file run_33.pdb (PDB, C-alpha atoms and all ligand atoms)
ATOM      1  CA  MET P   1     179.244 154.861 137.586
ATOM      2  CA  PHE P   2     176.524 152.377 138.503
ATOM      3  CA  GLY P   3     173.443 152.679 136.270
ATOM      4  CA  TRP P   4     170.077 150.978 135.955
ATOM      5  CA  LYS P   5     167.320 151.406 133.371
ATOM      6  CA  ALA P   6     163.806 150.027 133.863
ATOM      7  CA  ALA P   7     163.922 148.486 130.394
ATOM      8  CA  ASP P   8     166.976 146.398 131.394
ATOM      9  CA  ARG P   9     165.101 144.657 134.134
ATOM     10  CA  LYS P  10     163.916 141.124 133.484
ATOM     11  CA  VAL P  11     160.870 140.174 135.516
ATOM     12  CA  ILE P  12     160.370 136.472 136.051
ATOM     13  CA  VAL P  13     156.614 135.985 136.360
ATOM     14  CA  SER P  14     154.873 132.996 137.951
ATOM     15  CA  SER P  15     151.922 131.207 136.444
ATOM     16  CA  ALA P  16     148.620 132.891 137.396
ATOM     17  CA  ARG P  17     147.860 129.841 139.505
ATOM     18  CA  ASP P  18     151.084 130.134 141.545
ATOM     19  CA  PHE P  19     150.627 133.895 141.868
ATOM     20  CA  TYR P  20     147.103 133.588 143.300
ATOM     21  CA  ASP P  21     147.870 130.501 145.398
ATOM     22  CA  GLY P  22     150.637 132.579 147.005
ATOM     23  CA  LEU P  23     148.380 135.616 147.454
ATOM     24  CA  ALA P  24     145.228 133.819 148.672
ATOM     25  CA  ALA P  25     145.844 134.300 152.413
ATOM     26  CA  ASP P  26     146.670 138.019 151.935
ATOM     27  CA  TYR P  27     144.223 138.904 149.131
ATOM     28  CA  HIS P  28     141.697 140.694 151.384
ATOM     29  CA  LEU P  29     144.496 143.131 152.340
ATOM     30  CA  ILE P  30     144.204 144.888 148.988
ATOM     31  CA  PHE P  31     140.886 146.278 150.297
ATOM     32  CA  PRO P  32     140.571 148.825 153.123
ATOM     33  CA  ASP P  33     137.520 146.799 154.273
ATOM     34  CA  TRP P  34     136.919 143.541 152.371
ATOM     35  CA  ASP P  35     133.392 142.919 153.736
ATOM     36  CA  ALA P  36     132.305 146.421 152.758
ATOM     37  CA  SER P  37     133.755 145.888 149.260
ATOM     38  CA  MET P  38     131.942 142.561 148.923
ATOM     39  CA  ALA P  39     128.631 144.194 149.814
ATOM     40  CA  ARG P  40     129.196 147.176 147.510
ATOM     41  CA  GLN P  41     130.300 145.055 144.535
ATOM     42  CA  ALA P  42     127.380 142.624 144.932
ATOM     43  CA  THR P  43     124.872 145.478 145.014
ATOM     44  CA  ALA P  44     126.382 146.950 141.850
ATOM     45  CA  LEU P  45     126.533 143.655 139.895
ATOM     46  CA  ASP P  46     123.091 142.613 141.112
ATOM     47  CA  GLY P  47     121.793 145.937 139.782
ATOM     48  CA  VAL P  48     123.044 145.075 136.266
ATOM     49  CA  VAL P  49     121.602 141.546 136.551
ATOM     50  CA  ARG P  50     118.180 142.897 137.575
ATOM     51  CA  VAL P  51     118.058 145.295 134.643
ATOM     52  CA  ARG P  52     118.871 142.517 132.160
ATOM     53  CA  LEU P  53     117.188 139.432 133.706
ATOM     54  CA  GLY P  54     114.796 140.594 136.417
ATOM     55  CA  THR P  55     115.087 140.143 140.170
ATOM     56  CA  GLY P  56     115.748 136.393 140.319
ATOM     57  CA  PRO P  57     117.111 134.641 142.298
ATOM     58  CA  HIS P  58     119.381 133.437 139.481
ATOM     59  CA  ARG P  59     121.838 130.576 139.069
ATOM     60  CA  VAL P  60     125.216 132.314 138.934
ATOM     61  CA  LEU P  61     128.677 130.981 138.105
ATOM     62  CA  ASP P  62     131.586 133.181 139.178
ATOM     63  CA  CYS P  63     134.314 131.553 137.069
ATOM     64  CA  SER P  64     137.208 133.578 138.567
ATOM     65  CA  CYS P  65     135.889 133.894 142.096
ATOM     66  CA  GLY P  66     139.262 134.141 143.844
ATOM     67  CA  ILE P  67     138.648 134.309 147.596
ATOM     68  CA  GLY P  68     134.976 135.144 146.890
ATOM     69  CA  THR P  69     134.736 138.944 146.669
ATOM     70  CA  GLN P  70     131.807 138.929 144.214
ATOM     71  CA  ALA P  71     130.582 135.335 144.739
ATOM     72  CA  ILE P  72     129.961 135.653 148.486
ATOM     73  CA  GLY P  73     128.219 139.008 148.065
ATOM     74  CA  LEU P  74     125.978 137.741 145.255
ATOM     75  CA  ALA P  75     125.063 134.650 147.285
ATOM     76  CA  GLY P  76     124.388 136.979 150.223
ATOM     77  CA  VAL P  77     121.776 138.915 148.196
ATOM     78  CA  GLY P  78     119.961 135.662 147.408
ATOM     79  CA  HIS P  79     121.382 134.218 144.170
ATOM     80  CA  ARG P  80     122.410 130.543 143.940
ATOM     81  CA  VAL P  81     126.099 130.975 143.269
ATOM     82  CA  VAL P  82     128.853 128.503 142.359
ATOM     83  CA  GLY P  83     132.448 129.739 142.540
ATOM     84  CA  SER P  84     135.325 128.415 140.466
ATOM     85  CA  ASP P  85     138.873 129.651 140.003
ATOM     86  CA  LEU P  86     142.243 128.498 138.707
ATOM     87  CA  SER P  87     143.756 128.813 142.184
ATOM     88  CA  PRO P  88     142.929 125.924 144.537
ATOM     89  CA  ALA P  89     144.102 127.987 147.536
ATOM     90  CA  ALA P  90     141.796 130.864 146.588
ATOM     91  CA  VAL P  91     138.670 128.717 146.104
ATOM     92  CA  THR P  92     139.331 126.858 149.355
ATOM     93  CA  ARG P  93     139.417 130.192 151.139
ATOM     94  CA  ALA P  94     136.284 131.381 149.271
ATOM     95  CA  GLY P  95     134.351 128.341 150.524
ATOM     96  CA  ALA P  96     135.565 128.880 154.104
ATOM     97  CA  GLU P  97     134.841 132.638 154.064
ATOM     98  CA  ALA P  98     131.327 131.977 152.728
ATOM     99  CA  ALA P  99     130.668 129.377 155.432
ATOM    100  CA  ALA P 100     131.965 131.754 158.130
ATOM    101  CA  ARG P 101     129.327 134.271 156.983
ATOM    102  CA  GLY P 102     126.539 131.683 156.858
ATOM    103  CA  VAL P 103     126.385 131.751 153.052
ATOM    104  CA  GLY P 104     126.249 128.628 150.835
ATOM    105  CA  LEU P 105     128.943 128.691 148.132
ATOM    106  CA  PRO P 106     129.919 125.443 146.387
ATOM    107  CA  VAL P 107     133.414 125.899 144.917
ATOM    108  CA  ALA P 108     135.662 124.138 142.413
ATOM    109  CA  ALA P 109     139.237 124.640 141.269
ATOM    110  CA  ALA P 110     138.915 125.064 137.499
ATOM    111  CA  ASP P 111     140.473 126.885 134.571
ATOM    112  CA  MET P 112     137.976 129.198 132.859
ATOM    113  CA  ARG P 113     139.223 127.752 129.563
ATOM    114  CA  ALA P 114     137.849 124.318 130.529
ATOM    115  CA  LEU P 115     134.853 124.827 132.811
ATOM    116  CA  PRO P 116     133.745 121.513 134.357
ATOM    117  CA  PHE P 117     129.994 122.267 134.267
ATOM    118  CA  ARG P 118     127.154 120.946 132.112
ATOM    119  CA  ALA P 119     125.877 123.043 129.220
ATOM    120  CA  SER P 120     123.181 125.683 129.783
ATOM    121  CA  VAL P 121     122.987 125.350 133.590
ATOM    122  CA  PHE P 122     123.595 128.979 134.613
ATOM    123  CA  ASP P 123     121.546 132.165 134.130
ATOM    124  CA  VAL P 124     124.582 134.391 134.735
ATOM    125  CA  VAL P 125     128.351 133.936 134.367
ATOM    126  CA  VAL P 126     130.511 136.479 136.197
ATOM    127  CA  CYS P 127     134.215 136.998 135.463
ATOM    128  CA  ALA P 128     135.132 140.042 137.510
ATOM    129  CA  ASP P 129     137.959 142.329 138.553
ATOM    130  CA  ASN P 130     140.388 141.949 135.713
ATOM    131  CA  SER P 131     140.532 138.155 135.634
ATOM    132  CA  LEU P 132     140.112 137.541 131.886
ATOM    133  CA  PRO P 133     143.175 139.715 131.051
ATOM    134  CA  HIS P 134     145.346 137.062 132.720
ATOM    135  CA  LEU P 135     144.837 135.145 129.454
ATOM    136  CA  LEU P 136     147.590 136.414 127.205
ATOM    137  CA  THR P 137     146.534 135.200 123.737
ATOM    138  CA  ALA P 138     143.488 135.739 121.527
ATOM    139  CA  ASP P 139     143.020 131.944 121.317
ATOM    140  CA  ASP P 140     142.874 131.604 125.097
ATOM    141  CA  VAL P 141     140.432 134.501 125.453
ATOM    142  CA  ARG P 142     138.188 133.003 122.745
ATOM    143  CA  THR P 143     138.349 129.528 124.323
ATOM    144  CA  ALA P 144     137.340 130.957 127.707
ATOM    145  CA  LEU P 145     134.467 133.041 126.294
ATOM    146  CA  ILE P 146     133.107 130.129 124.246
ATOM    147  CA  GLY P 147     133.214 127.997 127.406
ATOM    148  CA  MET P 148     131.326 130.657 129.394
ATOM    149  CA  ARG P 149     128.724 130.789 126.620
ATOM    150  CA  ARG P 150     128.378 126.982 126.698
ATOM    151  CA  VAL P 151     127.428 126.882 130.400
ATOM    152  CA  LEU P 152     124.898 129.736 130.034
ATOM    153  CA  ARG P 153     121.258 129.051 129.202
ATOM    154  CA  ASP P 154     119.787 130.661 126.068
ATOM    155  CA  ASP P 155     119.674 134.430 126.635
ATOM    156  CA  GLY P 156     121.764 133.991 129.813
ATOM    157  CA  LEU P 157     123.946 136.915 130.877
ATOM    158  CA  LEU P 158     127.725 137.341 130.821
ATOM    159  CA  LEU P 159     129.197 139.972 133.186
ATOM    160  CA  LEU P 160     132.844 140.803 132.672
ATOM    161  CA  SER P 161     134.700 143.528 134.538
ATOM    162  CA  VAL P 162     138.154 144.771 133.618
ATOM    163  CA  ARG P 163     140.520 147.552 134.525
ATOM    164  CA  ASP P 164     139.770 150.579 132.319
ATOM    165  CA  TYR P 165     142.596 150.032 129.830
ATOM    166  CA  GLY P 166     141.008 152.253 127.165
ATOM    167  CA  ARG P 167     137.833 153.042 125.309
ATOM    168  CA  ALA P 168     136.916 153.736 121.684
ATOM    169  CA  GLY P 169     139.329 156.208 120.136
ATOM    170  CA  ASP P 170     141.283 156.490 123.375
ATOM    171  CA  ASN P 171     143.628 153.762 124.483
ATOM    172  CA  GLY P 172     143.822 155.424 127.928
ATOM    173  CA  ILE P 173     146.087 153.515 130.259
ATOM    174  CA  ARG P 174     147.526 151.482 127.433
ATOM    175  CA  ALA P 175     148.648 154.564 125.529
ATOM    176  CA  ALA P 176     150.070 156.149 128.678
ATOM    177  CA  ARG P 177     151.899 152.938 129.715
ATOM    178  CA  PRO P 178     152.035 153.770 133.440
ATOM    179  CA  VAL P 179     154.862 152.130 135.372
ATOM    180  CA  CYS P 180     152.950 151.688 138.622
ATOM    181  CA  ALA P 181     149.489 151.582 140.167
ATOM    182  CA  PRO P 182     148.590 153.737 143.199
ATOM    183  CA  PRO P 183     149.060 152.220 146.668
ATOM    184  CA  GLN P 184     146.155 150.687 148.568
ATOM    185  CA  VAL P 185     146.197 150.840 152.359
ATOM    186  CA  SER P 186     144.458 148.288 154.571
ATOM    187  CA  PRO P 187     144.256 148.730 158.355
ATOM    188  CA  THR P 188     144.997 145.546 160.356
ATOM    189  CA  ALA P 189     145.502 144.796 164.063
ATOM    190  CA  GLN P 190     149.291 144.890 163.428
ATOM    191  CA  GLY P 191     149.181 148.249 161.632
ATOM    192  CA  ARG P 192     148.620 149.362 158.042
ATOM    193  CA  VAL P 193     149.402 147.010 155.146
ATOM    194  CA  VAL P 194     150.387 148.801 151.931
ATOM    195  CA  THR P 195     149.907 147.173 148.519
ATOM    196  CA  PHE P 196     151.221 148.623 145.264
ATOM    197  CA  GLN P 197     152.212 147.390 141.806
ATOM    198  CA  LEU P 198     155.073 148.023 139.397
ATOM    199  CA  TRP P 199     154.286 147.443 135.725
ATOM    200  CA  HIS P 200     156.834 146.396 133.079
ATOM    201  CA  TRP P 201     155.418 146.786 129.563
ATOM    202  CA  HIS P 202     156.236 144.271 126.850
ATOM    203  CA  GLU P 203     157.529 145.500 123.518
ATOM    204  CA  ASP P 204     154.098 144.883 121.919
ATOM    205  CA  GLY P 205     152.715 147.749 124.071
ATOM    206  CA  GLU P 206     149.689 145.598 125.021
ATOM    207  CA  ARG P 207     150.917 143.231 127.714
ATOM    208  CA  TYR P 208     152.830 143.874 130.917
ATOM    209  CA  ASP P 209     154.474 142.005 133.733
ATOM    210  CA  LEU P 210     153.281 143.078 137.138
ATOM    211  CA  GLU P 211     155.256 143.079 140.376
ATOM    212  CA  HIS P 212     152.848 143.032 143.297
ATOM    213  CA  PHE P 213     154.317 144.380 146.544
ATOM    214  CA  GLN P 214     152.796 144.090 149.984
ATOM    215  CA  LEU P 215     154.466 145.889 152.871
ATOM    216  CA  VAL P 216     153.393 144.267 156.113
ATOM    217  CA  PRO P 217     154.253 145.838 159.517
ATOM    218  CA  ASP P 218     157.023 143.832 161.186
ATOM    219  CA  GLY P 219     158.143 145.242 164.543
ATOM    220  CA  ALA P 220     159.694 148.622 163.872
ATOM    221  CA  GLY P 221     160.092 147.830 160.165
ATOM    222  CA  TRP P 222     158.338 146.131 157.254
ATOM    223  CA  GLU P 223     158.163 142.669 155.799
ATOM    224  CA  VAL P 224     158.081 142.964 152.003
ATOM    225  CA  ARG P 225     156.117 140.329 150.069
ATOM    226  CA  VAL P 226     156.656 140.403 146.304
ATOM    227  CA  ARG P 227     154.756 138.315 143.740
ATOM    228  CA  ARG P 228     154.788 138.494 139.955
ATOM    229  CA  THR P 229     152.293 137.808 137.166
ATOM    230  CA  ALA P 230     151.356 139.093 133.685
ATOM    231  CA  TYR P 231     148.370 140.854 132.116
ATOM    232  CA  TRP P 232     147.067 141.671 128.641
ATOM    233  CA  ALA P 233     145.705 145.235 128.762
ATOM    234  CA  LEU P 234     142.614 144.504 126.678
ATOM    235  CA  THR P 235     140.725 147.605 125.546
ATOM    236  CA  ARG P 236     136.949 147.772 125.455
ATOM    237  CA  GLY P 237     137.033 147.536 121.676
ATOM    238  CA  GLN P 238     139.076 144.324 121.785
ATOM    239  CA  LEU P 239     136.776 142.829 124.413
ATOM    240  CA  THR P 240     133.584 143.849 122.638
ATOM    241  CA  ASP P 241     134.839 142.148 119.455
ATOM    242  CA  ALA P 242     136.035 139.034 121.305
ATOM    243  CA  VAL P 243     132.711 138.639 123.118
ATOM    244  CA  ALA P 244     130.690 139.107 119.907
ATOM    245  CA  ASP P 245     132.949 136.635 118.042
ATOM    246  CA  ALA P 246     132.407 134.063 120.818
ATOM    247  CA  GLY P 247     128.625 134.118 120.265
ATOM    248  CA  PHE P 248     127.258 136.844 122.540
ATOM    249  CA  ALA P 249     124.776 139.557 121.553
ATOM    250  CA  ASP P 250     123.468 142.862 122.966
ATOM    251  CA  VAL P 251     126.890 143.838 124.303
ATOM    252  CA  SER P 252     126.792 146.917 126.532
ATOM    253  CA  TRP P 253     129.269 148.636 128.851
ATOM    254  CA  HIS P 254     128.212 149.878 132.282
ATOM    255  CA  GLU P 255     130.401 152.683 133.575
ATOM    256  CA  PRO P 256     131.354 153.004 137.258
ATOM    257  CA  GLU P 257     129.384 156.262 137.569
ATOM    258  CA  SER P 258     126.124 154.510 136.662
ATOM    259  CA  SER P 259     126.700 150.937 137.927
ATOM    260  CA  GLY P 260     128.497 151.723 141.199
ATOM    261  CA  PHE P 261     131.081 149.009 140.345
ATOM    262  CA  HIS P 262     134.688 150.180 140.515
ATOM    263  CA  GLN P 263     135.507 149.009 136.965
ATOM    264  CA  PRO P 264     133.659 149.156 133.645
ATOM    265  CA  VAL P 265     131.370 146.128 133.355
ATOM    266  CA  LEU P 266     130.605 144.464 130.037
ATOM    267  CA  ALA P 267     127.179 142.795 129.903
ATOM    268  CA  ALA P 268     126.185 140.518 127.017
ATOM    269  CA  ARG P 269     123.473 137.991 126.253
ATOM    270  CA  ARG P 270     124.186 134.450 125.060
ATOM    271  CA  GLY P 271     123.489 134.661 121.352
ATOM    272  CA  PRO P 272     122.782 131.944 118.808
ATOM    273  CA  VAL P 273     126.243 130.831 117.604
ATOM    274  CA  PRO P 274     129.908 131.842 117.787
ATOM    275  CA  ARG P 275     131.255 133.512 114.643
ATOM    276  CA  LYS P 276     133.720 131.450 112.654
ATOM    277  CA  ILE P 277     137.161 133.072 112.635
TER     278      ILE P 277
HETATM  279  C1  LIG P 301     142.347 139.952 140.247
HETATM  280  S1  LIG P 301     141.825 138.373 140.799
HETATM  281  C2  LIG P 301     140.072 138.618 141.028
HETATM  282  C3  LIG P 301     139.457 137.550 141.917
HETATM  283  C4  LIG P 301     138.017 137.832 142.357
HETATM  284  N1  LIG P 301     137.130 137.971 141.225
HETATM  285  C5  LIG P 301     138.003 139.073 143.232
HETATM  286  O1  LIG P 301     137.651 140.153 142.741
HETATM  287  O2  LIG P 301     138.379 138.965 144.401
HETATM  288  C6  LIG P 301     141.914 137.418 139.311
HETATM  289  C7  LIG P 301     141.464 135.984 139.498
HETATM  290  O3  LIG P 301     141.471 135.339 138.221
HETATM  291  C8  LIG P 301     141.850 133.991 138.436
HETATM  292  N2  LIG P 301     142.308 133.407 137.173
HETATM  293  C9  LIG P 301     143.377 133.770 136.418
HETATM  294  N3  LIG P 301     143.473 132.964 135.345
HETATM  295  C10 LIG P 301     142.428 132.102 135.411
HETATM  296  C11 LIG P 301     141.980 131.025 134.597
HETATM  297  N4  LIG P 301     142.639 130.685 133.481
HETATM  298  N5  LIG P 301     140.881 130.349 134.978
HETATM  299  C12 LIG P 301     140.205 130.681 136.120
HETATM  300  N6  LIG P 301     140.591 131.680 136.943
HETATM  301  C13 LIG P 301     141.691 132.390 136.588
HETATM  302  C14 LIG P 301     142.935 134.091 139.472
HETATM  303  O4  LIG P 301     143.233 132.864 140.095
HETATM  304  C15 LIG P 301     142.358 135.158 140.404
HETATM  305  O5  LIG P 301     141.624 134.594 141.453
END

call {"tool": "encode", "arguments": {"input": "run_33.pdb", "output": "structure tokens"}}
result
Amino acid sequence: MFGWKAADRKVIVSSARDFYDGLAADYHLIFPDWDASMARQATALDGVVRVRLGTGPHRVLDCSCGIGTQAIGLAGVGHRVVGSDLSPAAVTRAGAEAAARGVGLPVAAADMRALPFRASVFDVVVCADNSLPHLLTADDVRTALIGMRRVLRDDGLLLLSVRDYGRAGDNGIRAARPVCAPPQVSPTAQGRVVTFQLWHWHEDGERYDLEHFQLVPDGAGWEVRVRRTAYWALTRGQLTDAVADAGFADVSWHEPESSGFHQPVLAARRGPVPRKI
């Protein structure tokens, strides 16, 4: 009898950089309508910025801009935005997509753990759509957050959005350990592209390897594109503590129902000094 158990399966993940370099040309296909998502996400994030800092325009760094989903939208509503990301292929596309829409977006390939910008030059740092959880250790998360704090001016604003892995007293997704994420369908001229994910939880119950599938119409059949990476399912409590330890104050969470963003958004002000750990 031939048998197979999910737990037996070894997933070989790429580095985040290889994963997103490979996905850059197809990334917009995870959205039914990427331009509509850009506009919606910018309106939602801009709403949080306005409440905390006033209307602006503000100097914004999107330090995990990918192909520009938030950065292009925020530049489009008038902010002066710089985009950086670990993936050179993604930032190259972000710059080209911004230019194609008549929007100025300087970009740089950079690791959020070593941001190549002078201290105190931004009013807002954005790290959106589950980018920080690609860092798999507490040291890496702290290094990244301290670097984001360094490039923010005094009282500048950090905006961090993550998948809703769990809230106080309820570890939500993390407790349930789902094995997949629901499919997303994107219409294209060739037909519908379907994207879905399989999740393989580590023994620690906090991290998982992700297999990212894209089914692309190919004649009468499908071309299957599979890419692999890893995530740390950080709960709100873990993130709130990490952000406070890295020297941020006035931490608040903005829920999708009130912000209009599709994930919970953490907002925090650059405080006086990081806590010693
Ligand atoms: C889920 S994507 C989100 C991209 C973009 N914010 C968006 O919503 O389209 C996560 C992004 O985080 C970036 N990333 C992962 N690790 C990073 C790191 N150490 N430094 C900078 N960017 C990183 C990836 O390259 C990828 O573009």

call {"tool": "residues_near_ligand", "arguments": {"input": "run_33.pdb", "ligand": "ligand LIG 301 (chain P)", "cutoff": "6 Å", "atoms": "only C-alpha atoms and all ligand atoms", "output": "JSON, numbers by chain"}}
result
{"P": [16, 17, 20, 64, 65, 66, 67, 68, 69, 85, 86, 87, 110, 111, 112, 113, 128, 129, 130, 131, 134]}

call {"tool": "closest_residue", "arguments": {"input": "run_33.pdb", "among": "P:Ser120, P:Ser259, P:Thr143, P:Thr240", "to": "Arg59 of chain P", "atoms": "all atoms listed in the file"}}
result
P:Ser120

call {"tool": "closest_residue", "arguments": {"input": "run_33.pdb", "among": "P:Gly78, P:Trp34, P:Asp26, P:Ala90", "to": "Asp46 of chain P", "atoms": "only C-alpha atoms"}}
result
P:Gly78

call {"tool": "resolve_selection", "arguments": {"input": "run_33.pdb", "expression": "the PyMOL selection byres (((chain P and resi 267-270) around 6) and not hetatm)", "output": "PyMOL selection string"}}
result
chain P and resi 154-159+248-252+266+271

call {"tool": "atom_distance", "arguments": {"input": "run_33.pdb", "atom1": "atom CA of Phe261 of chain P", "atom2": "atom CA of Thr235 of chain P"}}
result
17.7 Å

call {"tool": "closest_residue", "arguments": {"input": "run_33.pdb", "among": "P:Ala42, P:Val13, P:Val51, P:Ala89", "to": "His262 of chain P", "atoms": "all atoms listed in the file"}}
result
P:Ala42

call {"tool": "resolve_selection", "arguments": {"input": "run_33.pdb", "expression": "the PyMOL selection byres (((chain P and resi 14) around 6) and not hetatm)", "output": "list in words"}}
result
Val13, Ser15, Asp18, Phe19, Arg228 and Thr229 of chain P

call {"tool": "atom_distance", "arguments": {"input": "run_33.pdb", "atom1": "atom CA of Leu136 of chain P", "atom2": "atom CA of Leu152 of chain P"}}
result
23.8 Å

call {"tool": "atom_distance", "arguments": {"input": "run_33.pdb", "atom1": "atom CA of Ala175 of chain P", "atom2": "atom CA of Arg142 of chain P"}}
result
24.1 Å
